[in-house]
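Trainee: So I've got this file, protein_13.pdb, and it contains PDB, N, CA and C atoms and all ligand atoms:
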MODEL        1
ATOM      1  N   MET A   1       4.067 -13.585 -32.057
ATOM      2  CA  MET A   1       3.595 -13.231 -30.714
ATOM      3  C   MET A   1       2.375 -12.321 -30.825
ATOM      4  N   PRO A   2       1.286 -12.666 -30.136
ATOM      5  CA  PRO A   2       0.090 -11.822 -30.242
ATOM      6  C   PRO A   2       0.299 -10.467 -29.589
ATOM      7  N   ASP A   3      -0.387  -9.510 -30.073
ATOM      8  CA  ASP A   3      -0.338  -8.180 -29.477
ATOM      9  C   ASP A   3      -1.298  -8.159 -28.295
ATOM     10  N   LEU A   4      -0.750  -8.300 -27.088
ATOM     11  CA  LEU A   4      -1.590  -8.438 -25.902
ATOM     12  C   LEU A   4      -2.418  -7.193 -25.630
ATOM     13  N   ALA A   5      -1.964  -6.057 -26.123
ATOM     14  CA  ALA A   5      -2.690  -4.822 -25.845
ATOM     15  C   ALA A   5      -3.797  -4.578 -26.854
ATOM     16  N   ASP A   6      -3.958  -5.490 -27.832
ATOM     17  CA  ASP A   6      -4.978  -5.302 -28.854
ATOM     18  C   ASP A   6      -6.294  -5.893 -28.368
ATOM     19  N   GLY A   7      -6.953  -5.214 -27.426
ATOM     20  CA  GLY A   7      -8.198  -5.728 -26.872
ATOM     21  C   GLY A   7      -8.902  -4.645 -26.105
ATOM     22  N   ALA A   8      -9.886  -5.065 -25.319
ATOM     23  CA  ALA A   8     -10.678  -4.101 -24.567
ATOM     24  C   ALA A   8     -10.591  -4.422 -23.080
ATOM     25  N   CYS A   9     -10.668  -3.396 -22.285
ATOM     26  CA  CYS A   9     -10.647  -3.541 -20.826
ATOM     27  C   CYS A   9     -11.904  -4.265 -20.354
ATOM     28  N   ASP A  10     -11.729  -5.250 -19.471
ATOM     29  CA  ASP A  10     -12.869  -6.027 -18.990
ATOM     30  C   ASP A  10     -13.760  -5.212 -18.049
ATOM     31  N   VAL A  11     -13.284  -4.112 -17.550
ATOM     32  CA  VAL A  11     -14.072  -3.291 -16.628
ATOM     33  C   VAL A  11     -14.824  -2.198 -17.377
ATOM     34  N   CYS A  12     -14.093  -1.378 -18.124
ATOM     35  CA  CYS A  12     -14.723  -0.207 -18.732
ATOM     36  C   CYS A  12     -14.972  -0.372 -20.228
ATOM     37  N   GLY A  13     -14.402  -1.409 -20.842
ATOM     38  CA  GLY A  13     -14.600  -1.639 -22.264
ATOM     39  C   GLY A  13     -13.745  -0.768 -23.160
ATOM     40  N   GLY A  14     -12.931   0.069 -22.565
ATOM     41  CA  GLY A  14     -12.067   0.950 -23.337
ATOM     42  C   GLY A  14     -10.914   0.199 -23.971
ATOM     43  N   ALA A  15     -10.371   0.752 -25.028
ATOM     44  CA  ALA A  15      -9.261   0.122 -25.731
ATOM     45  C   ALA A  15      -8.034   0.061 -24.827
ATOM     46  N   LEU A  16      -7.330  -1.075 -24.893
ATOM     47  CA  LEU A  16      -6.096  -1.233 -24.124
ATOM     48  C   LEU A  16      -4.933  -0.796 -25.004
ATOM     49  N   VAL A  17      -4.623   0.467 -24.921
ATOM     50  CA  VAL A  17      -3.509   0.999 -25.703
ATOM     51  C   VAL A  17      -2.411   1.431 -24.748
ATOM     52  N   GLY A  18      -1.189   1.388 -25.224
ATOM     53  CA  GLY A  18      -0.068   1.785 -24.404
ATOM     54  C   GLY A  18       0.234   0.745 -23.341
ATOM     55  N   PRO A  19       1.141   1.076 -22.434
ATOM     56  CA  PRO A  19       1.598   0.092 -21.442
ATOM     57  C   PRO A  19       0.700   0.005 -20.219
ATOM     58  N   TYR A  20      -0.368   0.757 -20.167
ATOM     59  CA  TYR A  20      -1.076   0.908 -18.905
ATOM     60  C   TYR A  20      -2.245  -0.045 -18.753
ATOM     61  N   TRP A  21      -1.903  -1.335 -18.619
ATOM     62  CA  TRP A  21      -2.916  -2.341 -18.333
ATOM     63  C   TRP A  21      -2.264  -3.476 -17.561
ATOM     64  N   VAL A  22      -3.094  -4.257 -16.860
ATOM     65  CA  VAL A  22      -2.597  -5.360 -16.049
ATOM     66  C   VAL A  22      -3.490  -6.571 -16.238
ATOM     67  N   HIS A  23      -2.999  -7.732 -15.801
ATOM     68  CA  HIS A  23      -3.806  -8.946 -15.805
ATOM     69  C   HIS A  23      -4.649  -9.013 -14.545
ATOM     70  N   GLU A  24      -5.913  -9.382 -14.676
ATOM     71  CA  GLU A  24      -6.805  -9.557 -13.528
ATOM     72  C   GLU A  24      -7.557 -10.858 -13.751
ATOM     73  N   ARG A  25      -7.136 -11.918 -13.076
ATOM     74  CA  ARG A  25      -7.765 -13.234 -13.241
ATOM     75  C   ARG A  25      -7.905 -13.596 -14.716
ATOM     76  N   GLN A  26      -6.782 -13.529 -15.405
ATOM     77  CA  GLN A  26      -6.691 -13.890 -16.825
ATOM     78  C   GLN A  26      -7.492 -12.969 -17.721
ATOM     79  N   LYS A  27      -7.996 -11.895 -17.176
ATOM     80  CA  LYS A  27      -8.610 -10.876 -18.012
ATOM     81  C   LYS A  27      -7.699  -9.660 -17.999
ATOM     82  N   LEU A  28      -7.824  -8.850 -19.012
ATOM     83  CA  LEU A  28      -7.015  -7.652 -19.080
ATOM     84  C   LEU A  28      -7.860  -6.448 -18.714
ATOM     85  N   VAL A  29      -7.337  -5.641 -17.834
ATOM     86  CA  VAL A  29      -8.021  -4.409 -17.455
ATOM     87  C   VAL A  29      -6.995  -3.280 -17.408
ATOM     88  N   HIS A  30      -7.459  -2.066 -17.619
ATOM     89  CA  HIS A  30      -6.571  -0.926 -17.419
ATOM     90  C   HIS A  30      -6.057  -0.935 -15.981
ATOM     91  N   THR A  31      -4.856  -0.473 -15.796
ATOM     92  CA  THR A  31      -4.328  -0.343 -14.432
ATOM     93  C   THR A  31      -5.279   0.461 -13.569
ATOM     94  N   LYS A  32      -5.807   1.544 -14.126
ATOM     95  CA  LYS A  32      -6.680   2.420 -13.349
ATOM     96  C   LYS A  32      -8.040   1.787 -13.068
ATOM     97  N   CYS A  33      -8.402   0.723 -13.818
ATOM     98  CA  CYS A  33      -9.723   0.105 -13.677
ATOM     99  C   CYS A  33      -9.734  -1.080 -12.706
ATOM    100  N   ARG A  34      -8.558  -1.584 -12.361
ATOM    101  CA  ARG A  34      -8.528  -2.731 -11.456
ATOM    102  C   ARG A  34      -9.023  -2.303 -10.070
ATOM    103  N   ALA A  35      -9.710  -3.238  -9.371
ATOM    104  CA  ALA A  35     -10.206  -2.948  -8.019
ATOM    105  C   ALA A  35      -9.066  -3.135  -7.018
ATOM    106  N   TRP A  36      -8.103  -2.241  -7.072
ATOM    107  CA  TRP A  36      -6.893  -2.378  -6.256
ATOM    108  C   TRP A  36      -7.206  -2.395  -4.768
ATOM    109  N   GLU A  37      -8.247  -1.657  -4.368
ATOM    110  CA  GLU A  37      -8.531  -1.552  -2.932
ATOM    111  C   GLU A  37      -8.976  -2.892  -2.348
ATOM    112  N   SER A  38      -9.309  -3.866  -3.207
ATOM    113  CA  SER A  38      -9.779  -5.161  -2.716
ATOM    114  C   SER A  38      -8.665  -6.208  -2.677
ATOM    115  N   VAL A  39      -7.444  -5.838  -3.041
ATOM    116  CA  VAL A  39      -6.350  -6.813  -3.029
ATOM    117  C   VAL A  39      -5.350  -6.451  -1.940
ATOM    118  N   ALA A  40      -4.664  -7.480  -1.442
ATOM    119  CA  ALA A  40      -3.602  -7.236  -0.466
ATOM    120  C   ALA A  40      -2.453  -6.477  -1.145
ATOM    121  N   TRP A  41      -1.649  -5.825  -0.361
ATOM    122  CA  TRP A  41      -0.511  -5.039  -0.882
ATOM    123  C   TRP A  41       0.230  -5.822  -1.962
ATOM    124  N   PRO A  42       0.195  -5.350  -3.218
ATOM    125  CA  PRO A  42       0.721  -6.153  -4.322
ATOM    126  C   PRO A  42       2.116  -5.757  -4.806
ATOM    127  N   PHE A  43       2.783  -4.860  -4.106
ATOM    128  CA  PHE A  43       4.007  -4.281  -4.674
ATOM    129  C   PHE A  43       5.269  -4.623  -3.894
ATOM    130  N   GLU A  44       5.203  -5.755  -3.126
ATOM    131  CA  GLU A  44       6.409  -6.150  -2.393
ATOM    132  C   GLU A  44       7.550  -6.486  -3.359
ATOM    133  N   ALA A  45       7.211  -7.158  -4.467
ATOM    134  CA  ALA A  45       8.248  -7.504  -5.444
ATOM    135  C   ALA A  45       8.852  -6.247  -6.061
ATOM    136  N   THR A  46       8.030  -5.219  -6.210
ATOM    137  CA  THR A  46       8.537  -3.961  -6.757
ATOM    138  C   THR A  46       9.518  -3.319  -5.785
ATOM    139  N   LEU A  47       9.200  -3.364  -4.485
ATOM    140  CA  LEU A  47      10.140  -2.841  -3.490
ATOM    141  C   LEU A  47      11.466  -3.601  -3.544
ATOM    142  N   LYS A  48      11.390  -4.909  -3.709
ATOM    143  CA  LYS A  48      12.614  -5.726  -3.796
ATOM    144  C   LYS A  48      13.415  -5.346  -5.042
ATOM    145  N   THR A  49      12.713  -5.177  -6.160
ATOM    146  CA  THR A  49      13.380  -4.781  -7.393
ATOM    147  C   THR A  49      14.061  -3.423  -7.230
ATOM    148  N   LEU A  50      13.384  -2.506  -6.543
ATOM    149  CA  LEU A  50      13.980  -1.186  -6.321
ATOM    150  C   LEU A  50      15.242  -1.306  -5.456
ATOM    151  N   ARG A  51      15.201  -2.152  -4.430
ATOM    152  CA  ARG A  51      16.382  -2.332  -3.577
ATOM    153  C   ARG A  51      17.547  -2.901  -4.391
ATOM    154  N   GLU A  52      17.252  -3.896  -5.233
ATOM    155  CA  GLU A  52      18.313  -4.511  -6.041
ATOM    156  C   GLU A  52      18.860  -3.512  -7.060
ATOM    157  N   SER A  53      17.962  -2.732  -7.642
ATOM    158  CA  SER A  53      18.400  -1.738  -8.633
ATOM    159  C   SER A  53      19.242  -0.651  -7.953
ATOM    160  N   TRP A  54      18.864  -0.277  -6.733
ATOM    161  CA  TRP A  54      19.618   0.725  -5.976
ATOM    162  C   TRP A  54      21.052   0.250  -5.769
ATOM    163  N   SER A  55      21.207  -1.032  -5.431
ATOM    164  CA  SER A  55      22.543  -1.576  -5.169
ATOM    165  C   SER A  55      23.436  -1.491  -6.398
ATOM    166  N   ALA A  56      22.834  -1.585  -7.571
ATOM    167  CA  ALA A  56      23.605  -1.619  -8.812
ATOM    168  C   ALA A  56      23.775  -0.244  -9.440
ATOM    169  N   ALA A  57      23.171   0.788  -8.849
ATOM    170  CA  ALA A  57      23.151   2.102  -9.496
ATOM    171  C   ALA A  57      24.300   2.989  -9.031
ATOM    172  N   ASP A  58      24.586   4.019  -9.822
ATOM    173  CA  ASP A  58      25.567   5.022  -9.416
ATOM    174  C   ASP A  58      24.888   5.998  -8.440
ATOM    175  N   PRO A  59      25.645   6.916  -7.835
ATOM    176  CA  PRO A  59      25.046   7.797  -6.816
ATOM    177  C   PRO A  59      23.828   8.582  -7.309
ATOM    178  N   ASP A  60      23.873   9.119  -8.509
ATOM    179  CA  ASP A  60      22.711   9.849  -9.019
ATOM    180  C   ASP A  60      21.504   8.925  -9.158
ATOM    181  N   GLY A  61      21.752   7.746  -9.706
ATOM    182  CA  GLY A  61      20.680   6.775  -9.874
ATOM    183  C   GLY A  61      20.126   6.325  -8.540
ATOM    184  N   ARG A  62      21.013   6.158  -7.564
ATOM    185  CA  ARG A  62      20.561   5.734  -6.239
ATOM    186  C   ARG A  62      19.610   6.753  -5.631
ATOM    187  N   ALA A  63      19.902   8.011  -5.796
ATOM    188  CA  ALA A  63      19.028   9.046  -5.232
ATOM    189  C   ALA A  63      17.644   8.995  -5.873
ATOM    190  N   ARG A  64      17.615   8.806  -7.190
ATOM    191  CA  ARG A  64      16.326   8.756  -7.891
ATOM    192  C   ARG A  64      15.532   7.508  -7.490
ATOM    193  N   ILE A  65      16.221   6.372  -7.384
ATOM    194  CA  ILE A  65      15.550   5.130  -7.000
ATOM    195  C   ILE A  65      15.064   5.226  -5.556
ATOM    196  N   ALA A  66      15.878   5.793  -4.689
ATOM    197  CA  ALA A  66      15.514   5.896  -3.276
ATOM    198  C   ALA A  66      14.265   6.754  -3.103
ATOM    199  N   ALA A  67      14.134   7.792  -3.917
ATOM    200  CA  ALA A  67      12.953   8.655  -3.810
ATOM    201  C   ALA A  67      11.683   7.868  -4.134
ATOM    202  N   VAL A  68      11.746   7.027  -5.153
ATOM    203  CA  VAL A  68      10.578   6.207  -5.500
ATOM    204  C   VAL A  68      10.322   5.168  -4.412
ATOM    205  N   GLY A  69      11.383   4.574  -3.893
ATOM    206  CA  GLY A  69      11.234   3.578  -2.839
ATOM    207  C   GLY A  69      10.609   4.163  -1.585
ATOM    208  N   LEU A  70      11.029   5.362  -1.216
ATOM    209  CA  LEU A  70      10.461   6.019  -0.037
ATOM    210  C   LEU A  70       8.978   6.306  -0.250
ATOM    211  N   TRP A  71       8.671   6.837  -1.422
ATOM    212  CA  TRP A  71       7.269   7.113  -1.746
ATOM    213  C   TRP A  71       6.440   5.827  -1.670
ATOM    214  N   LEU A  72       6.979   4.715  -2.231
ATOM    215  CA  LEU A  72       6.213   3.463  -2.274
ATOM    216  C   LEU A  72       6.029   2.888  -0.870
ATOM    217  N   ARG A  73       7.044   3.004  -0.017
ATOM    218  CA  ARG A  73       6.884   2.517   1.364
ATOM    219  C   ARG A  73       5.839   3.332   2.114
ATOM    220  N   GLN A  74       5.785   4.619   1.835
ATOM    221  CA  GLN A  74       4.749   5.450   2.454
ATOM    222  C   GLN A  74       3.367   5.000   1.999
ATOM    223  N   ARG A  75       3.232   4.680   0.694
ATOM    224  CA  ARG A  75       1.952   4.195   0.177
ATOM    225  C   ARG A  75       1.594   2.843   0.782
ATOM    226  N   LYS A  76       2.600   1.999   1.043
ATOM    227  CA  LYS A  76       2.341   0.704   1.674
ATOM    228  C   LYS A  76       1.722   0.901   3.053
ATOM    229  N   SER A  77       2.217   1.888   3.787
ATOM    230  CA  SER A  77       1.759   2.085   5.164
ATOM    231  C   SER A  77       0.297   2.510   5.226
ATOM    232  N   ARG A  78      -0.232   3.053   4.145
ATOM    233  CA  ARG A  78      -1.629   3.473   4.177
ATOM    234  C   ARG A  78      -2.522   2.650   3.244
ATOM    235  N   TRP A  79      -1.938   1.612   2.595
ATOM    236  CA  TRP A  79      -2.727   0.750   1.706
ATOM    237  C   TRP A  79      -3.916   0.170   2.446
ATOM    238  N   PRO A  80      -5.134   0.052   1.843
ATOM    239  CA  PRO A  80      -5.468   0.336   0.443
ATOM    240  C   PRO A  80      -6.009   1.751   0.189
ATOM    241  N   ARG A  81      -5.773   2.676   1.103
ATOM    242  CA  ARG A  81      -6.213   4.041   0.818
ATOM    243  C   ARG A  81      -5.462   4.549  -0.420
ATOM    244  N   ASP A  82      -6.181   5.174  -1.330
ATOM    245  CA  ASP A  82      -5.609   5.687  -2.580
ATOM    246  C   ASP A  82      -4.958   4.572  -3.417
ATOM    247  N   ALA A  83      -5.525   3.354  -3.328
ATOM    248  CA  ALA A  83      -4.892   2.202  -3.969
ATOM    249  C   ALA A  83      -4.769   2.367  -5.479
ATOM    250  N   SER A  84      -5.842   2.769  -6.131
ATOM    251  CA  SER A  84      -5.801   2.886  -7.588
ATOM    252  C   SER A  84      -4.815   3.974  -8.015
ATOM    253  N   GLU A  85      -4.847   5.077  -7.319
ATOM    254  CA  GLU A  85      -3.923   6.173  -7.650
ATOM    255  C   GLU A  85      -2.480   5.725  -7.439
ATOM    256  N   THR A  86      -2.250   4.911  -6.399
ATOM    257  CA  THR A  86      -0.902   4.407  -6.138
ATOM    258  C   THR A  86      -0.428   3.532  -7.297
ATOM    259  N   ALA A  87      -1.294   2.637  -7.775
ATOM    260  CA  ALA A  87      -0.901   1.724  -8.856
ATOM    261  C   ALA A  87      -0.558   2.482 -10.131
ATOM    262  N   VAL A  88      -1.379   3.463 -10.470
ATOM    263  CA  VAL A  88      -1.148   4.241 -11.691
ATOM    264  C   VAL A  88       0.115   5.096 -11.539
ATOM    265  N   GLU A  89       0.248   5.726 -10.373
ATOM    266  CA  GLU A  89       1.408   6.582 -10.140
ATOM    267  C   GLU A  89       2.699   5.765 -10.091
ATOM    268  N   LEU A  90       2.618   4.554  -9.545
ATOM    269  CA  LEU A  90       3.814   3.703  -9.499
ATOM    270  C   LEU A  90       4.302   3.379 -10.905
ATOM    271  N   GLU A  91       3.386   3.035 -11.798
ATOM    272  CA  GLU A  91       3.794   2.770 -13.184
ATOM    273  C   GLU A  91       4.516   3.982 -13.763
ATOM    274  N   ARG A  92       3.958   5.170 -13.496
ATOM    275  CA  ARG A  92       4.547   6.381 -14.036
ATOM    276  C   ARG A  92       5.956   6.605 -13.457
ATOM    277  N   ARG A  93       6.088   6.396 -12.146
ATOM    278  CA  ARG A  93       7.381   6.646 -11.511
ATOM    279  C   ARG A  93       8.432   5.619 -11.932
ATOM    280  N   ILE A  94       8.013   4.345 -12.069
ATOM    281  CA  ILE A  94       8.959   3.317 -12.516
ATOM    282  C   ILE A  94       9.401   3.617 -13.950
ATOM    283  N   ALA A  95       8.444   4.008 -14.797
ATOM    284  CA  ALA A  95       8.795   4.358 -16.175
ATOM    285  C   ALA A  95       9.772   5.528 -16.179
ATOM    286  N   GLY A  96       9.590   6.452 -15.241
ATOM    287  CA  GLY A  96      10.475   7.613 -15.162
ATOM    288  C   GLY A  96      11.902   7.257 -14.783
ATOM    289  N   LEU A  97      12.070   6.129 -14.121
ATOM    290  CA  LEU A  97      13.425   5.686 -13.774
ATOM    291  C   LEU A  97      14.126   5.040 -14.965
ATOM    292  N   GLY A  98      13.355   4.685 -15.970
ATOM    293  CA  GLY A  98      13.932   4.146 -17.197
ATOM    294  C   GLY A  98      14.798   2.911 -16.936
ATOM    295  N   ARG A  99      16.024   2.951 -17.445
ATOM    296  CA  ARG A  99      16.884   1.760 -17.401
ATOM    297  C   ARG A  99      17.535   1.564 -16.037
ATOM    298  N   LEU A 100      17.285   2.484 -15.111
ATOM    299  CA  LEU A 100      17.816   2.285 -13.754
ATOM    300  C   LEU A 100      17.172   1.073 -13.092
ATOM    301  N   VAL A 101      15.942   0.756 -13.502
ATOM    302  CA  VAL A 101      15.205  -0.348 -12.874
ATOM    303  C   VAL A 101      14.968  -1.438 -13.912
ATOM    304  N   ARG A 102      15.372  -2.636 -13.552
ATOM    305  CA  ARG A 102      15.117  -3.786 -14.431
ATOM    306  C   ARG A 102      13.859  -4.477 -13.930
ATOM    307  N   THR A 103      12.806  -4.404 -14.691
ATOM    308  CA  THR A 103      11.533  -4.998 -14.270
ATOM    309  C   THR A 103      11.264  -6.270 -15.057
TER     310      THR A 103
HETATM  311 ZN    ZN A 201     -10.623   0.177 -18.273
ENDMDL
END
Since I need it in another form, could you write the structure as structure tokens?
Mentor:
Amino acid sequence: MPDLADGACDVCGGALVGPYWVHERQKLVHTKCRAWESVAWPFEATLKTLRESWSAADPDGRARIAAVGLWLRQRKSRWPRDASETAVELERRIAGLGRLVRT
């Protein structure tokens, strides 16, 4: 299997290291480099995943998942304002939930 992160960002040319990159029309770009403000709300599937994960979680896990879900719904209501920051922060928050969320 090729190492998909072994390349350069199509926007800034920086190395794609770590988990923080996405596909953009078959090109790879850093999450922070994608023109998020030009795309329609892209995180509906993430909201669905959070709802499903909430259903399967224990009470402590539910509280943590619900906090991310509330934050993400608030970001949806103002999209695309702060779009890039939302995308980067969402990755961080989902990673923070660890195994509570199956992505
Ligand atoms: Zn970049």
Trainee: From the set A:Val39, A:Ala57, A:Ala95, A:Leu16, which residue has the shortest atom-to-atom contact distance to ligand ZN 201 (chain A), counting all atoms listed in the file?
Mentor: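 That would be A:Leu16, the residue with the smallest distance to ligand ZN 201 (chain A).
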Trainee: Could you name the residues that touch segment 65-76 of chain A at 8 Å or less, counting all atoms listed in the file, but leaving out those on the same chain fewer than 4 positions away, as a ChimeraX atom specification?
Mentor: /A:41,46-47,50-51,53-54,59-61,80-82,86,90,93-94,97,100-101
Trainee: For atom CA of Phe43 of chain A and atom CA of Ala87 of chain A, determine how far apart the two atoms are, in Å to one decimal place.
Mentor: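 One can read the atom CA of Phe43 of chain A to atom CA of Ala87 of chain A distance as 8.8 Å.
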Trainee: Within 8 Å of ligand ZN 201 (chain A), which residues of chain A show up? Give each one with its shortest atom-to-atom distance in Å (one decimal) and the two atoms involved, counting only N, CA and C atoms and all ligand atoms, rows by chain then rising residue number, as a Markdown table.
Mentor:
| residue | atom | partner | partner_atom | distance |
| --- | --- | --- | --- | --- |
| A:Ala8 | C | A:ZN201 | ZN | 6.7 |
| A:Cys9 | CA | A:ZN201 | ZN | 4.5 |
| A:Asp10 | N | A:ZN201 | ZN | 5.7 |
| A:Val11 | C | A:ZN201 | ZN | 4.9 |
| A:Cys12 | N | A:ZN201 | ZN | 3.8 |
| A:Gly13 | N | A:ZN201 | ZN | 4.8 |
| A:Gly14 | N | A:ZN201 | ZN | 4.9 |
| A:Ala15 | N | A:ZN201 | ZN | 6.8 |
| A:Leu16 | N | A:ZN201 | ZN | 7.5 |
| A:Leu28 | C | A:ZN201 | ZN | 7.2 |
| A:Val29 | C | A:ZN201 | ZN | 5.1 |
| A:His30 | N | A:ZN201 | ZN | 3.9 |
| A:Thr31 | N | A:ZN201 | ZN | 6.3 |
| A:Lys32 | C | A:ZN201 | ZN | 6.0 |
| A:Cys33 | CA | A:ZN201 | ZN | 4.7 |
| A:Arg34 | N | A:ZN201 | ZN | 6.5 |
Trainee: Give me, please, the distance in Å between atom C of Glu91 of chain A and atom C of Gln26 of chain A, quoted to one decimal.
Mentor: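 Going from atom C of Glu91 of chain A over to atom C of Gln26 of chain A covers 21.1 Å.
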Trainee: State, in Å with one decimal place, the distance from atom CA of Arg78 of chain A to atom CA of Pro19 of chain A.
Mentor: 26.0 Å
Trainee: Can you list, as a list in words, all residues belonging to chain A that DSSP tags as strand (DSSP E or B)?
Mentor: Ala8, Ala15, Trp21, Val22, His23, Glu24, Lys27, Leu28, Val29 and His30 of chain A
Trainee: So that all listed atoms of segment 94-100 of chain A fit with 5 Å spare on each side, what axis-aligned box centre and edge lengths in Å, to one decimal, would you give as JSON?
Mentor:
{"center_x": 12.9, "center_y": 4.3, "center_z": -14.8, "size_x": 19.8, "size_y": 16.5, "size_z": 15.4}
Trainee: Could you pull out all residues of chain A with a DSSP call of helix (DSSP H, G or I) and give them as a PyMOL selection string?
Mentor: chain A and resi 31-33+36-38+44-56+59-78+83-100
Trainee: Need a file for segment 38-49 of chain A from that block: N, CA and C atoms, written as a PDB file, in the first residue's frame.
Mentor:
ATOM      1  N   SER A  38     -15.342  27.845  -0.228  1.00  0.00           N
ATOM      2  CA  SER A  38     -15.967  27.758  -1.547  1.00  0.00           C
ATOM      3  C   SER A  38     -16.784  26.477  -1.720  1.00  0.00           C
ATOM      4  N   VAL A  39     -16.864  25.641  -0.692  1.00  0.00           N
ATOM      5  CA  VAL A  39     -17.627  24.396  -0.820  1.00  0.00           C
ATOM      6  C   VAL A  39     -18.862  24.457   0.068  1.00  0.00           C
ATOM      7  N   ALA A  40     -19.889  23.715  -0.347  1.00  0.00           N
ATOM      8  CA  ALA A  40     -21.090  23.615   0.483  1.00  0.00           C
ATOM      9  C   ALA A  40     -20.749  22.865   1.779  1.00  0.00           C
ATOM     10  N   TRP A  41     -21.553  23.052   2.782  1.00  0.00           N
ATOM     11  CA  TRP A  41     -21.335  22.405   4.093  1.00  0.00           C
ATOM     12  C   TRP A  41     -20.957  20.938   3.910  1.00  0.00           C
ATOM     13  N   PRO A  42     -19.722  20.556   4.267  1.00  0.00           N
ATOM     14  CA  PRO A  42     -19.241  19.215   3.939  1.00  0.00           C
ATOM     15  C   PRO A  42     -19.281  18.210   5.091  1.00  0.00           C
ATOM     16  N   PHE A  43     -19.880  18.573   6.208  1.00  0.00           N
ATOM     17  CA  PHE A  43     -19.721  17.737   7.405  1.00  0.00           C
ATOM     18  C   PHE A  43     -21.017  17.097   7.885  1.00  0.00           C
ATOM     19  N   GLU A  44     -21.997  16.958   6.939  1.00  0.00           N
ATOM     20  CA  GLU A  44     -23.245  16.306   7.342  1.00  0.00           C
ATOM     21  C   GLU A  44     -22.993  14.852   7.756  1.00  0.00           C
ATOM     22  N   ALA A  45     -22.111  14.169   7.015  1.00  0.00           N
ATOM     23  CA  ALA A  45     -21.809  12.776   7.359  1.00  0.00           C
ATOM     24  C   ALA A  45     -21.144  12.688   8.728  1.00  0.00           C
ATOM     25  N   THR A  46     -20.358  13.702   9.060  1.00  0.00           N
ATOM     26  CA  THR A  46     -19.713  13.717  10.371  1.00  0.00           C
ATOM     27  C   THR A  46     -20.753  13.873  11.472  1.00  0.00           C
ATOM     28  N   LEU A  47     -21.749  14.740  11.245  1.00  0.00           N
ATOM     29  CA  LEU A  47     -22.830  14.875  12.226  1.00  0.00           C
ATOM     30  C   LEU A  47     -23.566  13.548  12.411  1.00  0.00           C
ATOM     31  N   LYS A  48     -23.796  12.844  11.317  1.00  0.00           N
ATOM     32  CA  LYS A  48     -24.479  11.541  11.394  1.00  0.00           C
ATOM     33  C   LYS A  48     -23.626  10.543  12.178  1.00  0.00           C
ATOM     34  N   THR A  49     -22.326  10.535  11.895  1.00  0.00           N
ATOM     35  CA  THR A  49     -21.424   9.644  12.612  1.00  0.00           C
ATOM     36  C   THR A  49     -21.426   9.957  14.107  1.00  0.00           C
TER      37      THR A  49
END
